[in-house]
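As stored in run_13.cif (mmCIF, C-alpha atoms):
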```
data_start
loop_
_atom_site.label_atom_id
_atom_site.label_comp_id
_atom_site.auth_asym_id
_atom_site.auth_seq_id
_atom_site.Cartn_x
_atom_site.Cartn_y
_atom_site.Cartn_z
CA MET A 1 89.39 -100.55 134.52
CA VAL A 2 88.53 -99.53 138.08
CA VAL A 3 89.48 -95.96 138.98
CA LYS A 4 91.92 -95.60 141.88
CA VAL A 5 91.21 -92.64 144.16
CA TYR A 6 93.92 -91.66 146.63
CA GLY A 7 93.13 -90.17 150.05
CA PRO A 8 89.39 -90.81 150.63
CA LEU A 9 89.39 -89.21 154.10
CA CYS A 10 90.43 -85.85 152.66
CA ALA A 11 87.63 -83.29 152.22
CA ALA A 12 88.59 -82.51 148.63
CA THR A 13 88.61 -86.20 147.74
CA LYS A 14 85.00 -86.52 148.89
CA ARG A 15 83.95 -84.21 146.05
CA VAL A 16 85.47 -86.67 143.61
CA LEU A 17 83.84 -89.68 145.24
CA VAL A 18 80.38 -88.11 145.12
CA CYS A 19 80.90 -87.28 141.44
CA LEU A 20 81.98 -90.85 140.65
CA ILE A 21 78.97 -92.30 142.45
CA GLU A 22 76.59 -89.93 140.65
CA LYS A 23 78.19 -90.88 137.33
CA GLU A 24 78.04 -94.60 138.17
CA VAL A 25 81.80 -95.04 137.79
CA GLU A 26 83.40 -97.96 139.62
CA PHE A 27 86.29 -96.99 141.88
CA GLU A 28 88.54 -98.20 144.66
CA THR A 29 90.23 -96.04 147.26
CA VAL A 30 93.86 -95.95 148.36
CA HIS A 31 94.51 -94.69 151.88
CA VAL A 32 97.18 -92.02 152.27
CA ASP A 33 98.08 -91.32 155.90
CA ILE A 34 98.79 -87.61 156.08
CA THR A 35 99.58 -87.87 159.80
CA LYS A 36 102.63 -89.91 158.77
CA GLY A 37 103.46 -87.61 155.85
CA GLU A 38 102.75 -90.27 153.24
CA GLN A 39 101.59 -87.56 150.83
CA LYS A 40 105.21 -86.34 150.76
CA SER A 41 106.73 -89.74 150.06
CA PRO A 42 108.79 -90.10 146.85
CA GLU A 43 106.30 -92.66 145.52
CA TYR A 44 103.32 -90.36 146.02
CA LEU A 45 105.14 -87.30 144.69
CA LYS A 46 105.52 -89.13 141.38
CA LEU A 47 101.74 -88.96 141.12
CA GLN A 48 101.19 -85.52 142.68
CA PRO A 49 104.33 -83.37 142.73
CA PHE A 50 102.78 -80.83 145.14
CA GLY A 51 102.14 -83.53 147.74
CA VAL A 52 98.43 -82.88 148.27
CA LEU A 53 95.25 -84.92 147.85
CA PRO A 54 93.47 -86.25 145.86
CA VAL A 55 94.90 -88.06 142.85
CA ILE A 56 93.16 -90.50 140.53
CA GLN A 57 94.63 -93.20 138.35
CA ASP A 58 92.45 -94.33 135.48
CA GLY A 59 94.48 -96.95 133.68
CA ASP A 60 97.54 -95.11 132.37
CA TYR A 61 95.94 -91.72 132.99
CA THR A 62 96.76 -89.79 136.18
CA LEU A 63 94.99 -86.58 137.22
CA TYR A 64 95.04 -84.39 140.31
CA GLU A 65 93.08 -81.38 141.64
CA SER A 66 89.59 -82.35 142.78
CA ARG A 67 87.62 -79.91 140.63
CA ALA A 68 89.56 -80.90 137.51
CA ILE A 69 88.91 -84.56 138.27
CA MET A 70 85.18 -83.91 138.66
CA ARG A 71 85.04 -82.03 135.37
CA TYR A 72 86.90 -84.86 133.67
CA TYR A 73 84.52 -87.59 134.78
CA ALA A 74 81.39 -85.52 134.27
CA GLU A 75 82.52 -85.01 130.67
CA LYS A 76 83.90 -88.50 130.06
CA TYR A 77 80.68 -90.15 131.22
CA LYS A 78 78.31 -87.40 130.11
CA SER A 79 75.68 -89.88 128.89
CA GLN A 80 75.94 -92.02 132.03
CA GLY A 81 74.41 -91.41 135.45
CA VAL A 82 73.28 -87.96 136.53
CA GLU A 83 73.99 -85.03 134.20
CA LEU A 84 76.27 -82.79 136.27
CA LEU A 85 77.44 -80.25 133.69
CA GLY A 86 74.12 -78.98 132.33
CA LYS A 87 72.29 -79.85 129.15
CA THR A 88 73.05 -76.62 127.27
CA ILE A 89 76.09 -74.43 126.81
CA GLU A 90 74.38 -71.78 128.93
CA GLU A 91 73.84 -74.23 131.78
CA ARG A 92 77.44 -75.40 131.46
CA GLY A 93 78.56 -71.78 131.74
CA LEU A 94 76.69 -71.38 135.02
CA VAL A 95 78.12 -74.61 136.40
CA GLU A 96 81.62 -73.36 135.60
CA GLU A 97 80.82 -69.95 137.06
CA TRP A 98 79.75 -71.37 140.40
CA LEU A 99 82.61 -73.85 140.51
CA ASP A 100 84.93 -70.85 140.22
CA VAL A 101 82.95 -68.97 142.88
CA GLU A 102 83.36 -71.93 145.21
CA ALA A 103 87.11 -72.14 144.57
CA THR A 104 87.90 -68.42 144.78
CA ASN A 105 85.31 -66.92 147.15
CA PHE A 106 83.79 -69.67 149.29
CA HIS A 107 86.73 -72.01 149.85
CA PRO A 108 89.41 -69.65 151.24
CA PRO A 109 87.48 -68.37 154.28
CA ILE A 110 85.80 -71.70 155.10
CA TYR A 111 89.14 -73.50 154.75
CA ASN A 112 90.71 -71.05 157.21
CA LEU A 113 87.86 -71.66 159.65
CA ALA A 114 88.32 -75.42 159.35
CA ILE A 115 92.04 -75.11 160.07
CA GLN A 116 91.49 -72.85 163.06
CA LEU A 117 88.44 -74.51 164.62
CA MET A 118 88.97 -78.18 163.76
CA PHE A 119 92.53 -79.06 162.92
CA SER A 120 94.69 -76.66 164.92
CA PRO A 121 93.32 -77.92 168.26
CA MET A 122 93.99 -81.51 167.14
CA VAL A 123 97.71 -80.83 166.86
CA GLY A 124 97.97 -78.60 169.90
CA ILE A 125 98.03 -75.25 168.08
CA THR A 126 96.09 -72.38 169.65
CA PRO A 127 93.47 -70.99 167.22
CA ASN A 128 93.92 -67.41 166.05
CA PRO A 129 90.84 -65.39 167.15
CA LYS A 130 91.51 -62.57 164.68
CA LEU A 131 91.78 -64.95 161.72
CA ILE A 132 88.60 -66.73 162.84
CA GLU A 133 86.73 -63.43 163.05
CA GLU A 134 87.99 -62.24 159.66
CA SER A 135 87.27 -65.55 157.95
CA GLU A 136 83.78 -65.77 159.40
CA ALA A 137 82.99 -62.23 158.23
CA LYS A 138 84.18 -63.05 154.71
CA LEU A 139 82.15 -66.25 154.66
CA GLU A 140 79.06 -64.41 155.90
CA SER A 141 79.36 -62.04 152.95
CA VAL A 142 79.70 -64.94 150.51
CA LEU A 143 76.73 -66.77 152.00
CA ASN A 144 74.61 -63.63 151.69
CA ILE A 145 75.25 -63.72 147.95
CA TYR A 146 74.38 -67.42 147.92
CA GLU A 147 71.13 -66.66 149.72
CA GLU A 148 70.17 -64.20 147.00
CA ARG A 149 71.11 -66.65 144.25
CA LEU A 150 69.26 -69.56 145.83
CA SER A 151 66.12 -67.48 146.25
CA LYS A 152 65.87 -67.65 142.45
CA SER A 153 66.91 -71.23 141.71
CA LYS A 154 66.89 -74.57 143.54
CA TYR A 155 70.60 -75.18 142.96
CA LEU A 156 73.51 -72.86 142.26
CA ALA A 157 73.62 -73.30 138.49
CA GLY A 158 69.85 -73.50 138.06
CA ASP A 159 67.17 -76.05 138.83
CA PHE A 160 69.49 -79.03 138.41
CA PHE A 161 72.04 -80.64 140.73
CA SER A 162 75.55 -80.16 139.37
CA LEU A 163 79.27 -80.19 140.09
CA ALA A 164 78.87 -76.70 141.51
CA ASP A 165 76.76 -78.07 144.34
CA ILE A 166 78.90 -81.16 144.88
CA SER A 167 82.01 -79.03 145.28
CA HIS A 168 80.53 -77.35 148.37
CA LEU A 169 79.56 -80.51 150.24
CA PRO A 170 82.71 -81.39 152.24
CA PHE A 171 83.40 -78.02 153.82
CA LEU A 172 79.74 -77.16 154.40
CA ASP A 173 79.57 -80.46 156.26
CA TYR A 174 82.48 -79.30 158.42
CA LEU A 175 80.79 -75.93 159.00
CA VAL A 176 77.41 -77.39 159.99
CA ASN A 177 78.44 -80.53 161.84
CA TYR A 178 81.95 -80.01 163.25
CA MET A 179 82.71 -76.30 163.70
CA GLY A 180 79.71 -75.22 165.76
CA LYS A 181 78.81 -72.71 163.04
CA GLU A 182 75.61 -74.32 161.75
CA TYR A 183 73.70 -71.06 162.28
CA MET A 184 75.57 -69.57 159.33
CA VAL A 185 73.61 -71.94 157.13
CA LYS A 186 70.40 -72.34 159.12
CA ASP A 187 69.84 -68.60 159.54
CA ARG A 188 69.61 -68.25 155.75
CA LYS A 189 66.34 -69.72 154.53
CA HIS A 190 67.38 -70.57 150.98
CA VAL A 191 70.93 -71.65 151.81
CA SER A 192 69.50 -73.90 154.52
CA ALA A 193 67.01 -75.50 152.11
CA TRP A 194 69.77 -76.04 149.56
CA TRP A 195 72.06 -77.61 152.14
CA GLY A 196 69.24 -79.85 153.34
CA ASP A 197 68.71 -81.02 149.77
CA ILE A 198 72.30 -81.67 148.68
CA SER A 199 73.37 -83.20 152.01
CA SER A 200 70.48 -85.68 151.70
CA LYS A 201 71.71 -87.07 148.38
CA PRO A 202 72.38 -90.82 148.67
CA SER A 203 75.80 -90.34 147.08
CA TRP A 204 76.90 -87.93 149.81
CA LYS A 205 75.43 -90.07 152.58
CA LYS A 206 77.35 -93.06 151.26
CA VAL A 207 80.63 -91.15 151.13
CA ILE A 208 80.44 -89.80 154.68
CA GLN A 209 79.34 -93.19 155.98
CA LEU A 210 82.32 -94.94 154.38
CA TYR A 211 84.90 -92.20 154.89
CA LYS A 212 84.24 -90.27 158.07
CA PRO A 213 86.14 -87.03 158.66
CA PRO A 214 89.46 -87.62 160.46
CA ILE A 215 88.49 -85.83 163.66
#
```
Rendering of file as structure tokens:
Amino acid sequence: MVVKVYGPLCAATKRVLVCLIEKEVEFETVHVDITKGEQKSPEYLKLQPFGVLPVIQDGDYTLYESRAIMRYYAEKYKSQGVELLGKTIEERGLVEEWLDVEATNFHPPIYNLAIQLMFSPMVGITPNPKLIEESEAKLESVLNIYEERLSKSKYLAGDFFSLADISHLPFLDYLVNYMGKEYMVKDRKHVSAWWGDISSKPSWKKVIQLYKPPI
């Protein structure tokens, strides 16, 4: 059964798509036009009651929240494709640790920057300079911690590519290529090397080629 993935243009969905490619899982995408509010339609809300992206349908099984979906497929197809959860319980613990770091420390400030610098101007909203300044300062602090971590290991959870790295790809891509803030990565030697590595993965290149950011 081919997995259906809803909303491939969404940043969060791209995490899922990279995971599926790395795990060699066949999928098809279903476009959801957020500019027309399709994510709030009664039909879509039956799949995702909060009206956000992404959602997957795997036969009779429906799941939402991108990080949960990645964990599900990395576990379901553990013996297939690239090992993304770690080979030991200790490695798995570090993958989970950095997934949580991404969700709770990295994502909030970089999401705010994306809204202010990319999406607000698209809809005619004036960016908030104070929020931009505060969000950038918070992200700088987070990236300083990443720099220290990545000075000791090639990837966030160790010397293996994992879900923790995949989860960072979409918004780091925004930061480097669309926000004019690439120096925040390039000025940090180890973060820059890590970004160069993970953004060169064939799975990520395929995703951004097929599903370009909606800007």
Checklist entry - Which value, in Å to one decimal, gives the distance between atom CA of Ile125 of chain A and atom CA of Leu113 of chain A? => result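 Between atom CA of Ile125 of chain A and atom CA of Leu113 of chain A the gap works out to 13.7 Å.
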Residues picked by the PyMOL selection byres ((chain A and resi 189) around 12) here, as a compact mmCIF listing (two decimals) with C-alpha atoms, in the frame of the given file?
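Wrote it out as result.txt, contents follow:
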```
# COMPACT_ATOMS: atom_id res chain seq x y z
CA LEU A 143 76.73 -66.77 152.00
CA ASN A 144 74.61 -63.63 151.69
CA TYR A 146 74.38 -67.42 147.92
CA GLU A 147 71.13 -66.66 149.72
CA GLU A 148 70.17 -64.20 147.00
CA ARG A 149 71.11 -66.65 144.25
CA LEU A 150 69.26 -69.56 145.83
CA SER A 151 66.12 -67.48 146.25
CA TYR A 183 73.70 -71.06 162.28
CA MET A 184 75.57 -69.57 159.33
CA VAL A 185 73.61 -71.94 157.13
CA LYS A 186 70.40 -72.34 159.12
CA ASP A 187 69.84 -68.60 159.54
CA ARG A 188 69.61 -68.25 155.75
CA HIS A 190 67.38 -70.57 150.98
CA VAL A 191 70.93 -71.65 151.81
CA SER A 192 69.50 -73.90 154.52
CA ALA A 193 67.01 -75.50 152.11
CA TRP A 194 69.77 -76.04 149.56
CA TRP A 195 72.06 -77.61 152.14
CA GLY A 196 69.24 -79.85 153.34
```
Find the residues of segment 52-162 of chain A that sit at most 7 Å from segment 11-15 of chain A; for each, write down the nearest two atoms and how far apart they are in Å, to one decimal. Count only C-alpha atoms. Sort by chain, then by number going up, and give it as a Markdown table.
```
| residue | atom | partner | partner_atom | distance |
| --- | --- | --- | --- | --- |
| A:Leu53 | CA | A:Thr13 | CA | 6.8 |
| A:Pro54 | CA | A:Thr13 | CA | 5.2 |
| A:Ser66 | CA | A:Ala12 | CA | 5.9 |
```
Checklist entry - Looking at all atoms listed in the file, which of A:Val16, A:Leu85, A:Leu131, A:Leu169 is the one that sits closest to His107 of chain A? => result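 That would be A:Leu169, the residue with the smallest distance to His107 of chain A.
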Next on the checklist: Using all atoms listed in the file, can you tell me which of A:Phe106, A:Tyr155, A:Trp204, A:Tyr211 comes closest to Phe171 of chain A?
Outcome noted: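 Between A:Phe106, A:Tyr155, A:Trp204, A:Tyr211, the residue approaching Phe171 of chain A most closely is A:Phe106.
When the PyMOL selection byres ((chain A and resi 52) around 12) is evaluated against the file, it yields A:Tyr6, A:Gly7, A:Cys10, A:Ala11, A:Ala12, A:Thr13, A:Val32, A:Asp33, A:Ile34, A:Gly37, A:Glu38, A:Gln39, A:Lys40, A:Ser41, A:Tyr44, A:Leu45, A:Lys46, A:Leu47, A:Gln48, A:Pro49, A:Phe50, A:Gly51, A:Leu53, A:Pro54, A:Val55, A:Tyr64, A:Glu65, A:Ser66.
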Next on the checklist: For the provided coordinates, the residues matched by the PyMOL selection byres ((chain A and resi 159) around 12) should be stated as a list in words.
Outcome noted: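 Matching residues under the PyMOL selection byres ((chain A and resi 159) around 12) are Leu84, Gly86, Lys87, Glu91, Leu94, Val95, Arg149, Leu150, Ser151, Lys152, Ser153, Lys154, Tyr155, Leu156, Ala157, Gly158, Phe160, Phe161, Ser162, Asp165 and Trp194 of chain A.
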Item to check | One-decimal distance in Å that lies between atom CA of Lys212 of chain A and atom CA of Met118 of chain A | outcome: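 Value for the atom CA of Met118 of chain A-atom CA of Lys212 of chain A distance: 14.2 Å.
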Taking the block just given, write segment 64-190 of chain A to a file that holds C-alpha atoms, as a PDB file, in the first residue's frame.
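The file below, result_13.pdb, is the result:
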```
ATOM      1  CA  TYR A  64      -0.302  13.504  12.012  1.00  0.00           C
ATOM      2  CA  GLU A  65       2.535  15.587  13.516  1.00  0.00           C
ATOM      3  CA  SER A  66       5.702  15.384  11.426  1.00  0.00           C
ATOM      4  CA  ARG A  67       8.079  14.189  14.138  1.00  0.00           C
ATOM      5  CA  ALA A  68       5.659  11.465  15.227  1.00  0.00           C
ATOM      6  CA  ILE A  69       5.319  10.338  11.618  1.00  0.00           C
ATOM      7  CA  MET A  70       9.099  10.161  11.214  1.00  0.00           C
ATOM      8  CA  ARG A  71       9.466   8.126  14.396  1.00  0.00           C
ATOM      9  CA  TYR A  72       6.733   5.778  13.213  1.00  0.00           C
ATOM     10  CA  TYR A  73       8.336   5.005   9.864  1.00  0.00           C
ATOM     11  CA  ALA A  74      11.861   4.814  11.235  1.00  0.00           C
ATOM     12  CA  GLU A  75      10.604   2.166  13.659  1.00  0.00           C
ATOM     13  CA  LYS A  76       8.239   0.365  11.286  1.00  0.00           C
ATOM     14  CA  TYR A  77      10.959  -0.065   8.663  1.00  0.00           C
ATOM     15  CA  LYS A  78      13.894  -0.295  11.048  1.00  0.00           C
ATOM     16  CA  SER A  79      15.594  -3.038   9.015  1.00  0.00           C
ATOM     17  CA  GLN A  80      15.034  -1.223   5.704  1.00  0.00           C
ATOM     18  CA  GLY A  81      16.973   1.690   4.235  1.00  0.00           C
ATOM     19  CA  VAL A  82      19.132   3.937   6.405  1.00  0.00           C
ATOM     20  CA  GLU A  83      19.067   3.381  10.172  1.00  0.00           C
ATOM     21  CA  LEU A  84      17.704   6.677  11.523  1.00  0.00           C
ATOM     22  CA  LEU A  85      17.071   5.829  15.180  1.00  0.00           C
ATOM     23  CA  GLY A  86      20.474   4.512  16.246  1.00  0.00           C
ATOM     24  CA  LYS A  87      21.687   0.961  16.692  1.00  0.00           C
ATOM     25  CA  THR A  88      21.709   0.950  20.505  1.00  0.00           C
ATOM     26  CA  ILE A  89      19.374   2.190  23.211  1.00  0.00           C
ATOM     27  CA  GLU A  90      21.952   4.850  24.069  1.00  0.00           C
ATOM     28  CA  GLU A  91      22.040   6.104  20.483  1.00  0.00           C
ATOM     29  CA  ARG A  92      18.239   6.075  20.387  1.00  0.00           C
ATOM     30  CA  GLY A  93      18.218   8.185  23.536  1.00  0.00           C
ATOM     31  CA  LEU A  94      20.417  10.812  21.892  1.00  0.00           C
ATOM     32  CA  VAL A  95      18.259  10.862  18.764  1.00  0.00           C
ATOM     33  CA  GLU A  96      15.198  11.481  20.936  1.00  0.00           C
ATOM     34  CA  GLU A  97      17.056  14.104  22.947  1.00  0.00           C
ATOM     35  CA  TRP A  98      17.977  16.139  19.884  1.00  0.00           C
ATOM     36  CA  LEU A  99      14.559  15.730  18.319  1.00  0.00           C
ATOM     37  CA  ASP A 100      13.167  17.328  21.472  1.00  0.00           C
ATOM     38  CA  VAL A 101      15.832  20.053  21.353  1.00  0.00           C
ATOM     39  CA  GLU A 102      14.813  20.826  17.791  1.00  0.00           C
ATOM     40  CA  ALA A 103      11.119  20.986  18.693  1.00  0.00           C
ATOM     41  CA  THR A 104      11.429  23.016  21.903  1.00  0.00           C
ATOM     42  CA  ASN A 105      14.547  25.186  21.486  1.00  0.00           C
ATOM     43  CA  PHE A 106      15.411  25.478  17.800  1.00  0.00           C
ATOM     44  CA  HIS A 107      11.993  25.545  16.142  1.00  0.00           C
ATOM     45  CA  PRO A 108      10.225  28.391  18.005  1.00  0.00           C
ATOM     46  CA  PRO A 109      12.712  31.179  17.201  1.00  0.00           C
ATOM     47  CA  ILE A 110      13.448  30.033  13.638  1.00  0.00           C
ATOM     48  CA  TYR A 111       9.717  29.645  12.961  1.00  0.00           C
ATOM     49  CA  ASN A 112       9.139  33.211  14.162  1.00  0.00           C
ATOM     50  CA  LEU A 113      11.907  34.436  11.864  1.00  0.00           C
ATOM     51  CA  ALA A 114      10.375  32.597   8.920  1.00  0.00           C
ATOM     52  CA  ILE A 115       6.980  34.153   9.589  1.00  0.00           C
ATOM     53  CA  GLN A 116       8.413  37.648   9.921  1.00  0.00           C
ATOM     54  CA  LEU A 117      11.000  37.591   7.134  1.00  0.00           C
ATOM     55  CA  MET A 118       9.381  35.315   4.551  1.00  0.00           C
ATOM     56  CA  PHE A 119       5.655  34.952   4.940  1.00  0.00           C
ATOM     57  CA  SER A 120       4.448  38.236   6.433  1.00  0.00           C
ATOM     58  CA  PRO A 121       5.702  40.267   3.450  1.00  0.00           C
ATOM     59  CA  MET A 122       3.950  37.824   1.094  1.00  0.00           C
ATOM     60  CA  VAL A 123       0.563  38.694   2.562  1.00  0.00           C
ATOM     61  CA  GLY A 124       1.226  42.385   3.019  1.00  0.00           C
ATOM     62  CA  ILE A 125       1.943  42.331   6.761  1.00  0.00           C
ATOM     63  CA  THR A 126       4.748  44.564   8.029  1.00  0.00           C
ATOM     64  CA  PRO A 127       7.421  42.517   9.861  1.00  0.00           C
ATOM     65  CA  ASN A 128       7.897  43.207  13.562  1.00  0.00           C
ATOM     66  CA  PRO A 129      11.507  44.403  14.112  1.00  0.00           C
ATOM     67  CA  LYS A 130      11.445  43.670  17.847  1.00  0.00           C
ATOM     68  CA  LEU A 131      10.246  40.097  17.331  1.00  0.00           C
ATOM     69  CA  ILE A 132      12.876  39.585  14.630  1.00  0.00           C
ATOM     70  CA  GLU A 133      15.612  40.842  16.946  1.00  0.00           C
ATOM     71  CA  GLU A 134      14.439  38.712  19.870  1.00  0.00           C
ATOM     72  CA  SER A 135      14.038  35.584  17.754  1.00  0.00           C
ATOM     73  CA  GLU A 136      17.447  35.995  16.148  1.00  0.00           C
ATOM     74  CA  ALA A 137      19.084  36.403  19.554  1.00  0.00           C
ATOM     75  CA  LYS A 138      17.396  33.232  20.833  1.00  0.00           C
ATOM     76  CA  LEU A 139      18.427  31.316  17.725  1.00  0.00           C
ATOM     77  CA  GLU A 140      22.012  32.555  18.052  1.00  0.00           C
ATOM     78  CA  SER A 141      22.134  31.124  21.566  1.00  0.00           C
ATOM     79  CA  VAL A 142      20.769  27.784  20.372  1.00  0.00           C
ATOM     80  CA  LEU A 143      23.221  27.606  17.485  1.00  0.00           C
ATOM     81  CA  ASN A 144      26.102  28.299  19.866  1.00  0.00           C
ATOM     82  CA  ILE A 145      25.126  25.147  21.755  1.00  0.00           C
ATOM     83  CA  TYR A 146      24.912  23.273  18.450  1.00  0.00           C
ATOM     84  CA  GLU A 147      28.395  24.476  17.552  1.00  0.00           C
ATOM     85  CA  GLU A 148      29.755  23.014  20.775  1.00  0.00           C
ATOM     86  CA  ARG A 149      27.918  19.737  20.241  1.00  0.00           C
ATOM     87  CA  LEU A 150      29.003  19.396  16.623  1.00  0.00           C
ATOM     88  CA  SER A 151      32.624  20.024  17.535  1.00  0.00           C
ATOM     89  CA  LYS A 152      32.472  16.601  19.208  1.00  0.00           C
ATOM     90  CA  SER A 153      30.400  14.564  16.746  1.00  0.00           C
ATOM     91  CA  LYS A 154      29.645  14.652  13.017  1.00  0.00           C
ATOM     92  CA  TYR A 155      25.883  14.673  13.541  1.00  0.00           C
ATOM     93  CA  LEU A 156      23.685  15.737  16.440  1.00  0.00           C
ATOM     94  CA  ALA A 157      23.118  12.289  17.937  1.00  0.00           C
ATOM     95  CA  GLY A 158      26.624  11.014  17.209  1.00  0.00           C
ATOM     96  CA  ASP A 159      28.532   9.965  14.129  1.00  0.00           C
ATOM     97  CA  PHE A 160      25.434   8.753  12.278  1.00  0.00           C
ATOM     98  CA  PHE A 161      22.757  10.595  10.296  1.00  0.00           C
ATOM     99  CA  SER A 162      19.418  10.392  12.090  1.00  0.00           C
ATOM    100  CA  LEU A 163      15.925  11.798  12.465  1.00  0.00           C
ATOM    101  CA  ALA A 164      17.423  14.511  14.647  1.00  0.00           C
ATOM    102  CA  ASP A 165      19.306  15.898  11.662  1.00  0.00           C
ATOM    103  CA  ILE A 166      16.434  15.440   9.221  1.00  0.00           C
ATOM    104  CA  SER A 167      14.108  17.414  11.467  1.00  0.00           C
ATOM    105  CA  HIS A 168      16.278  20.525  11.073  1.00  0.00           C
ATOM    106  CA  LEU A 169      16.474  20.514   7.282  1.00  0.00           C
ATOM    107  CA  PRO A 170      13.403  22.534   6.200  1.00  0.00           C
ATOM    108  CA  PHE A 171      13.844  25.568   8.419  1.00  0.00           C
ATOM    109  CA  LEU A 172      17.628  25.668   8.116  1.00  0.00           C
ATOM    110  CA  ASP A 173      17.036  25.765   4.375  1.00  0.00           C
ATOM    111  CA  TYR A 174      14.775  28.779   4.894  1.00  0.00           C
ATOM    112  CA  LEU A 175      17.395  30.437   7.115  1.00  0.00           C
ATOM    113  CA  VAL A 176      20.296  29.910   4.711  1.00  0.00           C
ATOM    114  CA  ASN A 177      18.595  30.328   1.351  1.00  0.00           C
ATOM    115  CA  TYR A 178      15.525  32.538   1.818  1.00  0.00           C
ATOM    116  CA  MET A 179      15.883  34.758   4.898  1.00  0.00           C
ATOM    117  CA  GLY A 180      19.242  36.380   4.193  1.00  0.00           C
ATOM    118  CA  LYS A 181      20.559  34.962   7.464  1.00  0.00           C
ATOM    119  CA  GLU A 182      23.044  32.431   6.079  1.00  0.00           C
ATOM    120  CA  TYR A 183      25.833  33.946   8.195  1.00  0.00           C
ATOM    121  CA  MET A 184      24.201  32.458  11.289  1.00  0.00           C
ATOM    122  CA  VAL A 185      25.209  29.057   9.953  1.00  0.00           C
ATOM    123  CA  LYS A 186      28.342  29.911   7.983  1.00  0.00           C
ATOM    124  CA  ASP A 187      29.967  31.842  10.840  1.00  0.00           C
ATOM    125  CA  ARG A 188      29.944  28.660  12.943  1.00  0.00           C
ATOM    126  CA  LYS A 189      32.538  26.237  11.626  1.00  0.00           C
ATOM    127  CA  HIS A 190      30.986  23.007  12.859  1.00  0.00           C
TER     128      HIS A 190
END
```
